[in-house]
Amino acid sequence: MESSQECTIDPDDYFHALKVNQSQVPKCTIKKNVLIGYVLPNMPRRYYWKVLWIPCNETLNVWTHLVALIYYMRMLYLYNDSLDLFVQWPLLISLLSSMSVATCSCFAHTFHSRSTFDHCCWMMLDFFGIISYSFCSTVSHFFACSQLSHYARLGFWNIIMFTLNCCIVFTMLCVSKIPYSVTSKRYGNSIRIGGLAYGYIYGILPLLDRFMTVGWDNDAMKYHILSFVYMGLSAYMYASTMPQSISPGSFDIIGHNHQIFHVFSAFAMYYDIIAVHLDLTLPGGPWASLTEQDDHPTLVTVSICGLIVVTWCLFTAAYVAKHIEKSIQAHGEVSCNGFSENVKQS
Ligand SMILES: [Zn+2]
């Protein structure tokens with residue numbers, strides 16, 4: 001049975017999302033202190049492409065990363081003209097993984113609002129983008145930007161550690177999304193923030209070690225620090241409900257915390273790409289001495305480890321998706337005011 005509210009909202013009206021409030025959408029898609037601007041749940045999938053052009057609280061979430069994606073693609077094109085990216089492979093993987101984050105995020109924010117099940121599954125795609133970036137940036141930092149003394153501690157074997165880390169953190173992120181489970185209810189946010197923080201901190205250890213040992217050794221360090229600052233700001237914005245907590249309803253369409261988080265994270269990835277490029281190309285940069293090490297990996301070795309991470313992520317996401325489906329079947333779709341209960345998923 002349709003609710004009266006559902007009947008009065010015309011999905012063909014350009015401004016219809018401005019009439020949809022928190023009580024009309026799945027609980028997991030609600031953003032704290034963002035009162036209106038939600039797209040309608042339980043609509044045909046093609047409806048959600050509208051997120052790209054109608055005023056709603058996801059529009060800028062998509063565009064912030066879509067613009068970043070186009071910019072990273074331009075960077076890839078320009079660097080490919082001046083460098084052999086298969087030889088200078090840390091730059092290639094930094095660029096591709098930044099593009100992966102932006103692409104997964106764009107799709108996730110476009111389609112996740114359809115139902116609880118869709119939200120959980122699309123967010124797992126978002127996590128996959130983050131994990132692919134985490135793996136590639138960690139590999140780049142260790143094999144292209146670290147001091148020889150730091151590299152020598154674990155050498156080639158550190159890539160096994162990165163692979164394991166990414167598989168573990170992705171599993172933690174996915175499990176935290178199973179609705180109604182103990183993990184999602186009580187510890188969901190903590191698991192997500194803890195897992196991401198652990199992965200990030202492990203990834204910047206070579207840079208911390210370098211900064212503590214030799215300080216501001218070349219121009220690349222300036223960009224590593226800028227990337228670090230923007231990543232810190234983006235983590236703060238991800239966890240916070242600012243600025244909408246100051247004035248609920250004033251930042252529904254433009255300016256809520258997740259949009260600012262996207263902008264800061266896009267800058268963090270941009271500065272990281274610049275820093276890796278400088279470390280690879282500046283005379284006396286760490287790359288030249290690192291590649292002379294007997295156990296320095298090739299792009300093929302890194303790709304094999306990356307493939308292991310991708311395979312693990314695919315199987316884990318498929319396994320968790322089944323649990324999400326069962327959980328929703330057992331408890332029913334979270335919805336309010338008459339919006340469809342127990343939505344049958346296609
Ligand atoms: Zn996002």
# chains A, B, ... in the order shown; residues from 1 in each chain; ligands from 1

call {"tool": "residues_near_ligand", "arguments": {"ligand": "ligand 1", "cutoff": "8 Å", "atoms": "only C-alpha atoms and all ligand atoms", "output": "ChimeraX atom specification"}}
result
/A:61-62,105-106,108-109,126,258-259,261-262

call {"tool": "residues_around", "arguments": {"residues": "A:Phe111", "least_positions_apart": "4", "cutoff": "12 Å", "atoms": "only C-alpha atoms", "output": "PyMOL selection string"}}
result
chain A and resi 29+39-52+58-59+61-62+104-107+115-123+125-126

call {"tool": "closest_residue", "arguments": {"among": "A:Leu164, A:Ile273, A:Leu83, A:Ile36", "to": "A:Gly306", "atoms": "only C-alpha atoms"}}
result
A:Leu164

call {"tool": "atom_distance", "arguments": {"atom1": "atom CA of A:Pro283", "atom2": "atom CA of A:Tyr72"}}
result
24.8 Å

call {"tool": "residues_around", "arguments": {"residues": "A:Ile168", "least_positions_apart": "2", "cutoff": "10 Å", "atoms": "only C-alpha atoms", "output": "ChimeraX atom specification"}}
result
/A:162-166,170-173,195,199,309,312-313

call {"tool": "closest_residue", "arguments": {"among": "A:Tyr238, A:Ile225, A:Cys136, A:Cys167", "to": "A:Asn189", "atoms": "only C-alpha atoms"}}
result
A:Tyr238

call {"tool": "residues_around", "arguments": {"residues": "stretch 244-253 of chain A", "least_positions_apart": "2", "cutoff": "8 Å", "atoms": "only C-alpha atoms", "output": "ChimeraX atom specification"}}
result
/A:32-37,55-60,241-242,255-257

call {"tool": "closest_residue", "arguments": {"among": "A:Pro243, A:Gly285, A:Ala144, A:Ile204", "to": "A:Gln88", "atoms": "only C-alpha atoms"}}
result
A:Ala144

call {"tool": "atom_distance", "arguments": {"atom1": "atom CA of A:Leu207", "atom2": "atom CA of A:Asp84"}}
result
24.6 Å
